[in-house]
Structure formats: C-alpha cells, structure tokens
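So this block is start-v7.cif, mmCIF, C-alpha atoms:
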data_model
#
loop_
_atom_site.group_PDB
_atom_site.id
_atom_site.type_symbol
_atom_site.label_atom_id
_atom_site.label_comp_id
_atom_site.auth_asym_id
_atom_site.auth_seq_id
_atom_site.Cartn_x
_atom_site.Cartn_y
_atom_site.Cartn_z
ATOM 1 C CA MET A 3 -11.360 -16.099 -7.229
ATOM 2 C CA THR A 4 -13.211 -13.970 -4.692
ATOM 3 C CA THR A 5 -14.570 -15.463 -1.493
ATOM 4 C CA THR A 6 -17.589 -14.437 0.539
ATOM 5 C CA LYS A 7 -15.940 -14.968 3.905
ATOM 6 C CA PRO A 8 -16.567 -12.527 6.758
ATOM 7 C CA VAL A 9 -13.837 -9.929 7.109
ATOM 8 C CA LYS A 10 -12.910 -11.208 10.574
ATOM 9 C CA GLN A 11 -12.221 -14.658 9.143
ATOM 10 C CA ILE A 12 -10.121 -13.194 6.341
ATOM 11 C CA MET A 13 -8.135 -11.190 8.898
ATOM 12 C CA HIS A 14 -7.283 -14.316 10.882
ATOM 13 C CA GLU A 15 -6.497 -16.411 7.799
ATOM 14 C CA ARG A 16 -4.108 -13.836 6.355
ATOM 15 C CA LYS A 17 -0.502 -14.849 6.966
ATOM 16 C CA SER A 18 2.834 -13.521 5.780
ATOM 17 C CA VAL A 19 3.726 -15.969 3.006
ATOM 18 C CA ARG A 20 7.325 -16.161 1.806
ATOM 19 C CA LYS A 21 7.169 -19.195 -0.500
ATOM 20 C CA TYR A 22 5.217 -18.773 -3.734
ATOM 21 C CA ASN A 23 4.361 -20.836 -6.773
ATOM 22 C CA ALA A 24 6.530 -19.150 -9.385
ATOM 23 C CA ASN A 25 4.292 -20.447 -12.200
ATOM 24 C CA THR A 26 1.171 -18.649 -10.978
ATOM 25 C CA THR A 27 0.277 -15.497 -12.855
ATOM 26 C CA ILE A 28 -2.152 -12.777 -11.848
ATOM 27 C CA SER A 29 -3.576 -10.644 -14.627
ATOM 28 C CA ARG A 30 -2.901 -6.939 -14.637
ATOM 29 C CA GLU A 31 -6.649 -6.377 -14.766
ATOM 30 C CA THR A 32 -7.018 -8.297 -11.498
ATOM 31 C CA ILE A 33 -4.272 -6.282 -9.820
ATOM 32 C CA MET A 34 -5.767 -3.032 -11.093
ATOM 33 C CA GLN A 35 -9.138 -4.009 -9.597
ATOM 34 C CA LEU A 36 -7.460 -4.961 -6.330
ATOM 35 C CA LEU A 37 -5.706 -1.602 -6.083
ATOM 36 C CA GLU A 38 -8.793 0.344 -7.103
ATOM 37 C CA ASP A 39 -10.799 -1.345 -4.340
ATOM 38 C CA ALA A 40 -8.001 -0.677 -1.848
ATOM 39 C CA THR A 41 -8.099 3.059 -2.534
ATOM 40 C CA SER A 42 -11.243 3.256 -0.406
ATOM 41 C CA SER A 43 -8.681 3.529 2.405
ATOM 42 C CA PRO A 44 -8.730 6.757 4.428
ATOM 43 C CA SER A 45 -5.888 9.236 4.096
ATOM 44 C CA SER A 46 -4.856 12.557 5.583
ATOM 45 C CA SER A 47 -7.312 15.201 4.269
ATOM 46 C CA ASN A 48 -8.193 12.636 1.588
ATOM 47 C CA MET A 49 -5.012 13.584 -0.256
ATOM 48 C CA GLN A 50 -4.430 9.921 -1.265
ATOM 49 C CA PRO A 51 -0.614 10.088 -1.312
ATOM 50 C CA TRP A 52 -0.140 6.482 -2.364
ATOM 51 C CA ARG A 53 1.318 5.546 -5.729
ATOM 52 C CA PHE A 54 2.039 2.011 -6.940
ATOM 53 C CA ILE A 55 4.544 0.323 -9.203
ATOM 54 C CA VAL A 56 3.453 -3.194 -10.140
ATOM 55 C CA ILE A 57 6.462 -5.330 -10.988
ATOM 56 C CA ASP A 58 5.428 -8.527 -12.785
ATOM 57 C CA ASP A 59 8.455 -8.958 -15.029
ATOM 58 C CA LYS A 60 10.622 -11.760 -13.629
ATOM 59 C CA GLU A 61 13.840 -10.139 -14.805
ATOM 60 C CA ILE A 62 13.001 -6.884 -13.036
ATOM 61 C CA GLN A 63 11.956 -8.805 -9.925
ATOM 62 C CA LYS A 64 15.366 -10.477 -9.991
ATOM 63 C CA ASN A 65 17.105 -7.141 -10.434
ATOM 64 C CA ILE A 66 15.417 -5.440 -7.485
ATOM 65 C CA ASN A 67 16.188 -8.455 -5.326
ATOM 66 C CA ILE A 68 19.868 -7.593 -5.624
ATOM 67 C CA PHE A 69 19.296 -4.673 -3.245
ATOM 68 C CA SER A 70 16.481 -6.326 -1.305
ATOM 69 C CA PHE A 71 18.538 -8.816 0.738
ATOM 70 C CA ASN A 72 17.884 -11.657 -1.740
ATOM 71 C CA GLN A 73 14.467 -12.545 -0.407
ATOM 72 C CA GLU A 74 13.092 -15.599 -2.213
ATOM 73 C CA GLN A 75 9.549 -14.235 -2.408
ATOM 74 C CA ILE A 76 10.608 -11.222 -4.477
ATOM 75 C CA GLU A 77 11.512 -13.501 -7.393
ATOM 76 C CA THR A 78 8.837 -16.192 -7.017
ATOM 77 C CA ALA A 79 5.751 -14.081 -6.263
ATOM 78 C CA SER A 80 3.398 -13.419 -9.164
ATOM 79 C CA ALA A 81 4.052 -9.711 -8.738
ATOM 80 C CA ILE A 82 5.607 -7.191 -6.426
ATOM 81 C CA ILE A 83 3.528 -4.136 -5.617
ATOM 82 C CA ALA A 84 5.801 -1.274 -4.624
ATOM 83 C CA VAL A 85 3.909 1.166 -2.424
ATOM 84 C CA ILE A 86 5.199 4.672 -3.030
ATOM 85 C CA GLY A 87 4.450 7.862 -1.098
ATOM 86 C CA ASP A 88 4.016 11.141 -2.967
ATOM 87 C CA THR A 89 5.065 14.078 -0.790
ATOM 88 C CA GLU A 90 3.451 16.475 -3.280
ATOM 89 C CA MET A 91 0.054 14.798 -2.996
ATOM 90 C CA TYR A 92 -1.549 18.094 -1.967
ATOM 91 C CA LEU A 93 -1.097 19.444 -5.501
ATOM 92 C CA ASN A 94 -4.105 17.269 -6.399
ATOM 93 C CA ALA A 95 -6.336 19.003 -3.840
ATOM 94 C CA GLU A 96 -8.380 20.986 -6.343
ATOM 95 C CA GLU A 97 -8.967 17.933 -8.538
ATOM 96 C CA ILE A 98 -9.997 15.824 -5.542
ATOM 97 C CA TYR A 99 -12.405 18.342 -4.095
ATOM 98 C CA SER A 100 -13.855 19.278 -7.489
ATOM 99 C CA LYS A 101 -14.699 15.610 -7.937
ATOM 100 C CA ASN A 102 -16.429 15.668 -4.547
ATOM 101 C CA VAL A 103 -18.645 18.489 -5.845
ATOM 102 C CA GLU A 104 -19.326 16.639 -9.103
ATOM 103 C CA LEU A 105 -20.407 13.555 -7.169
ATOM 104 C CA GLY A 106 -22.652 15.590 -4.912
ATOM 105 C CA TYR A 107 -20.649 14.912 -1.770
ATOM 106 C CA MET A 108 -20.360 18.587 -0.765
ATOM 107 C CA PRO A 109 -21.264 22.072 -1.990
ATOM 108 C CA GLU A 110 -18.752 23.919 -4.152
ATOM 109 C CA GLU A 111 -17.977 26.651 -1.621
ATOM 110 C CA ILE A 112 -16.972 24.112 1.033
ATOM 111 C CA ALA A 113 -14.938 22.061 -1.428
ATOM 112 C CA SER A 114 -13.125 25.158 -2.673
ATOM 113 C CA LYS A 115 -12.212 26.195 0.871
ATOM 114 C CA LEU A 116 -11.001 22.711 1.782
ATOM 115 C CA ALA A 117 -8.885 22.544 -1.353
ATOM 116 C CA GLN A 118 -7.269 25.910 -0.639
ATOM 117 C CA ASP A 119 -6.719 25.000 3.010
ATOM 118 C CA SER A 120 -5.022 21.752 1.967
ATOM 119 C CA LEU A 121 -2.752 23.500 -0.509
ATOM 120 C CA ALA A 122 -1.745 26.090 2.077
ATOM 121 C CA MET A 123 -1.298 23.683 4.982
ATOM 122 C CA TYR A 124 0.592 20.870 3.267
ATOM 123 C CA GLY A 125 2.581 23.289 1.149
ATOM 124 C CA ALA A 126 4.010 24.813 4.340
ATOM 125 C CA ILE A 127 4.805 21.529 6.101
ATOM 126 C CA PRO A 128 8.499 20.491 6.273
ATOM 127 C CA LYS A 129 9.536 17.511 4.140
ATOM 128 C CA GLU A 130 10.139 15.368 7.238
ATOM 129 C CA ALA A 131 6.554 15.866 8.399
ATOM 130 C CA LEU A 132 5.233 15.089 4.920
ATOM 131 C CA LEU A 133 7.231 11.868 4.961
ATOM 132 C CA ASN A 134 5.576 10.884 8.237
ATOM 133 C CA ILE A 135 2.147 11.542 6.732
ATOM 134 C CA VAL A 136 2.710 9.513 3.571
ATOM 135 C CA HIS A 137 4.189 6.613 5.561
ATOM 136 C CA PHE A 138 1.145 6.567 7.828
ATOM 137 C CA ASP A 139 -1.290 6.628 4.912
ATOM 138 C CA ALA A 140 0.697 3.987 3.012
ATOM 139 C CA GLY A 141 0.355 1.674 6.009
ATOM 140 C CA LEU A 142 -3.416 2.066 5.966
ATOM 141 C CA ILE A 143 -3.816 1.180 2.300
ATOM 142 C CA SER A 144 -1.230 -1.622 2.425
ATOM 143 C CA MET A 145 -3.292 -3.472 5.009
ATOM 144 C CA GLN A 146 -6.362 -3.103 2.818
ATOM 145 C CA ILE A 147 -4.439 -4.509 -0.158
ATOM 146 C CA MET A 148 -3.376 -7.555 1.844
ATOM 147 C CA LEU A 149 -6.889 -8.278 3.124
ATOM 148 C CA LEU A 150 -8.466 -7.773 -0.292
ATOM 149 C CA ALA A 151 -5.842 -10.046 -1.852
ATOM 150 C CA LYS A 152 -6.679 -12.748 0.682
ATOM 151 C CA GLU A 153 -10.356 -12.347 -0.149
ATOM 152 C CA MET A 154 -9.458 -12.912 -3.799
ATOM 153 C CA GLY A 155 -7.611 -16.124 -2.896
ATOM 154 C CA TYR A 156 -4.054 -14.770 -3.021
ATOM 155 C CA ASP A 157 -1.376 -14.486 -0.372
ATOM 156 C CA THR A 158 0.935 -11.603 0.433
ATOM 157 C CA VAL A 159 3.841 -10.478 2.533
ATOM 158 C CA ALA A 160 4.869 -6.903 3.298
ATOM 159 C CA MET A 161 8.574 -6.096 3.124
ATOM 160 C CA GLY A 162 10.266 -2.989 4.424
ATOM 161 C CA GLY A 163 13.729 -4.531 4.227
ATOM 162 C CA PHE A 164 15.170 -3.211 0.983
ATOM 163 C CA ASP A 165 17.525 -0.438 -0.015
ATOM 164 C CA LYS A 166 15.049 2.337 -0.705
ATOM 165 C CA SER A 167 17.623 4.682 -2.201
ATOM 166 C CA LYS A 168 18.776 2.088 -4.726
ATOM 167 C CA PHE A 169 15.170 1.156 -5.500
ATOM 168 C CA ALA A 170 14.299 4.798 -6.159
ATOM 169 C CA GLU A 171 17.347 5.140 -8.403
ATOM 170 C CA TYR A 172 16.597 1.927 -10.302
ATOM 171 C CA MET A 173 12.967 2.929 -10.855
ATOM 172 C CA GLU A 174 13.964 6.527 -11.675
ATOM 173 C CA LEU A 175 11.518 7.938 -9.141
ATOM 174 C CA PRO A 176 11.114 11.727 -9.029
ATOM 175 C CA SER A 177 12.264 13.440 -5.825
ATOM 176 C CA ASN A 178 8.692 13.769 -4.494
ATOM 177 C CA GLU A 179 8.095 9.998 -4.637
ATOM 178 C CA VAL A 180 9.547 7.827 -1.875
ATOM 179 C CA PRO A 181 9.464 4.012 -1.763
ATOM 180 C CA ILE A 182 7.848 2.798 1.441
ATOM 181 C CA LEU A 183 7.354 -0.953 1.203
ATOM 182 C CA LEU A 184 7.147 -3.880 -1.188
ATOM 183 C CA LEU A 185 4.175 -6.235 -1.212
ATOM 184 C CA ALA A 186 4.649 -9.695 -2.708
ATOM 185 C CA ILE A 187 1.425 -11.234 -4.020
ATOM 186 C CA GLY A 188 0.813 -14.684 -5.416
ATOM 187 C CA GLU A 189 -0.180 -18.272 -4.656
ATOM 188 C CA ALA A 190 1.405 -19.834 -1.590
ATOM 189 C CA ALA A 191 3.647 -22.812 -2.378
ATOM 190 C CA GLY A 192 3.185 -24.139 1.144
ATOM 191 C CA PRO A 193 1.522 -23.250 4.428
ATOM 192 C CA ALA A 194 2.834 -20.228 6.258
ATOM 193 C CA TYR A 195 3.949 -20.419 9.850
ATOM 194 C CA GLY A 196 1.416 -19.386 12.433
ATOM 195 C CA SER A 197 2.282 -16.440 14.629
ATOM 196 C CA SER A 198 1.332 -15.853 18.240
ATOM 197 C CA ARG A 199 0.048 -12.609 19.698
ATOM 198 C CA LEU A 200 0.684 -11.016 23.069
ATOM 199 C CA PRO A 201 -2.264 -11.157 25.497
ATOM 200 C CA ILE A 202 -4.622 -8.267 24.833
ATOM 201 C CA GLU A 203 -4.658 -7.450 28.543
ATOM 202 C CA ARG A 204 -0.997 -6.437 28.290
ATOM 203 C CA LEU A 205 -1.655 -4.144 25.350
ATOM 204 C CA VAL A 206 -4.755 -2.213 26.391
ATOM 205 C CA ARG A 207 -5.324 0.406 29.061
ATOM 206 C CA PHE A 208 -8.580 2.209 29.696
ATOM 207 C CA ASN A 209 -8.698 5.768 30.935
ATOM 208 C CA LYS A 210 -9.025 5.974 34.713
#
Show me this structure written as structure tokens.
Amino acid sequence: MTTTKPVKQIMHERKSVRKYNANTTISRETIMQLLEDATSSPSSSNMQPWRFIVIDDKEIQKNINIFSFNQEQIETASAIIAVIGDTEMYLNAEEIYSKNVELGYMPEEIASKLAQDSLAMYGAIPKEALLNIVHFDAGLISMQIMLLAKEMGYDTVAMGGFDKSKFAEYMELPSNEVPILLLAIGEAAGPAYGSSRLPIERLVRFNK
C-alpha cells in the first residue's frame, strides 16, 4: 500500500518501531521495488557502494539474533534488510559511467575520464578512508529506505547494535563487504513511542 502523503508528513510520522506483527509478510517483489527506488540516493562519485542482504527466513532471523543482543524486532519483523558497504565499489566505475553515456547523461570522453579518475583515486585510498566513505553513503540510502517504507505503509527501525564480525562470518561476506546496519521492516504491532527533539536554536549557527 503506497500513500500519497507529502514527504514532510511521512518524515514526521516515521518512528523507530520495535514491536512487529510476526504474521505479516512482505513480498520479495515489494522489497526489491523499495530498494530499487531507494538507490536514487546520492553517493560518493556515484560509486553506489551499498549492497543488501534481505533476510526473510524466520530461522535465519533467529540465528542472527543470537549475536544481535536478542532484539525482539529481529525475529518478529517481516524481514531484516542488512545494509552492506562494498569497499571495492570503484571497480564498477567503468560500468557506471558507460551507462551514463548510454542514457545520454554525458559525452563519452567525459565519462571515460571520470571513470579513470575514480579508479585511480579510490584505488589509492587507505582501507580506513574507504570504510568512512561507505558508512556515510550507507547512511544516506538507509534513510531513504525508511522513508519509502513508511510511504508504502510499513514501519522500520535501524539497528547498529550487532556483532558485525560474527554477522560477516555467518553470511560468508567477502573481505571487501562490511556490514553496516540492520533495518527491520514490517507492520507495527503497537504504536511506537514519540521522541522529542532538542530546540533548533541550540543546534544551528549562522556564519558571522
């Protein structure tokens, strides 16, 4: 179910839901559409370092909860979307920029230069810096996923509290893929708590 609410309303209605109706299912086609829409998110040099593992098998959800601090929502949500960062995302530069040419977004000579620049720049960056980049970009797309899910009538909660090393081992992730966060998605089993915000005047400064 997709709403036609203004984005500002969706933003304010989105809450972190931790109690889900365990009997609600979300089709894989729906989740695929959700993630495809979310990939309109910006990313560093458009390298799109996000990867996703959709976990909708209850037994696997139960297994990953063993090293995720036994959070109820991991087992009762319709699915868990694991947001993964690929530190070798720049290896797709030529494919990405060739597609830009095919779609008429830029001339071939510019696309070729940008692709080569991306390969050279990111290929020389230390792993720690690449990790910072993929974490930043994962945060951008994760927020889009949560807002799009709310627009579709589903609730979510983002979780960074899990043993990422054990998750990577369990999921047999290659060394270039790092787990960043887990997103529970499903139908709320009850209202979420409201959450206050600090006064904006305490958070904003204008240049003098």
A straight line from CA of Gly125 (chain A) to CA of Asp88 (chain A) spans 12.9 Å
The PyMOL selection byres ((chain A and resi 21-23) around 10) - which residues does that actually catch in the file I just gave you? List them as a PyMOL selection string. chain A and resi 18-20+24-27+73-80+157-159+186-194
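Going from CA of Leu132 (chain A) over to CA of Phe169 (chain A), you cover 20.0 Å.
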Here is a test: counting all atoms listed in the file, which residue of A:Tyr92, A:Trp52, A:Tyr156, A:Tyr172 is nearest to Ser120 (chain A)?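 Between A:Tyr92, A:Trp52, A:Tyr156, A:Tyr172, the residue approaching Ser120 (chain A) most closely is A:Tyr92.
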I'd like to know which of A:Asn65, A:Ser47, A:Thr6, A:Asn178 is closest to Lys129 (chain A), using all atoms listed in the file.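 The shortest atom-to-atom distance to Lys129 (chain A) comes from A:Asn178.
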Give me the residues near Phe71 (chain A) as a list in words, where near means some atom within 10 Å (using all atoms listed in the file) and where sequence neighbours in that chain fewer than 4 positions away do not count.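 Result of the neighbour search: Ile66, Asn67, Ile76, Gly163, Phe164 and Asp165 of chain A.
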Specify as a list in words each residue included when the PyMOL selection byres ((chain A and resi 96-103) around 12) is applied to this file. Ser47, Asn48, Met49, Gln50, Pro51, Met91, Tyr92, Leu93, Asn94, Ala95, Glu104, Leu105, Gly106, Tyr107, Met108, Pro109, Glu110, Glu111, Ile112, Ala113, Ser114, Lys115, Leu116, Ala117, Gln118, Asp119, Ser120, Leu121 and Ala122 of chain A
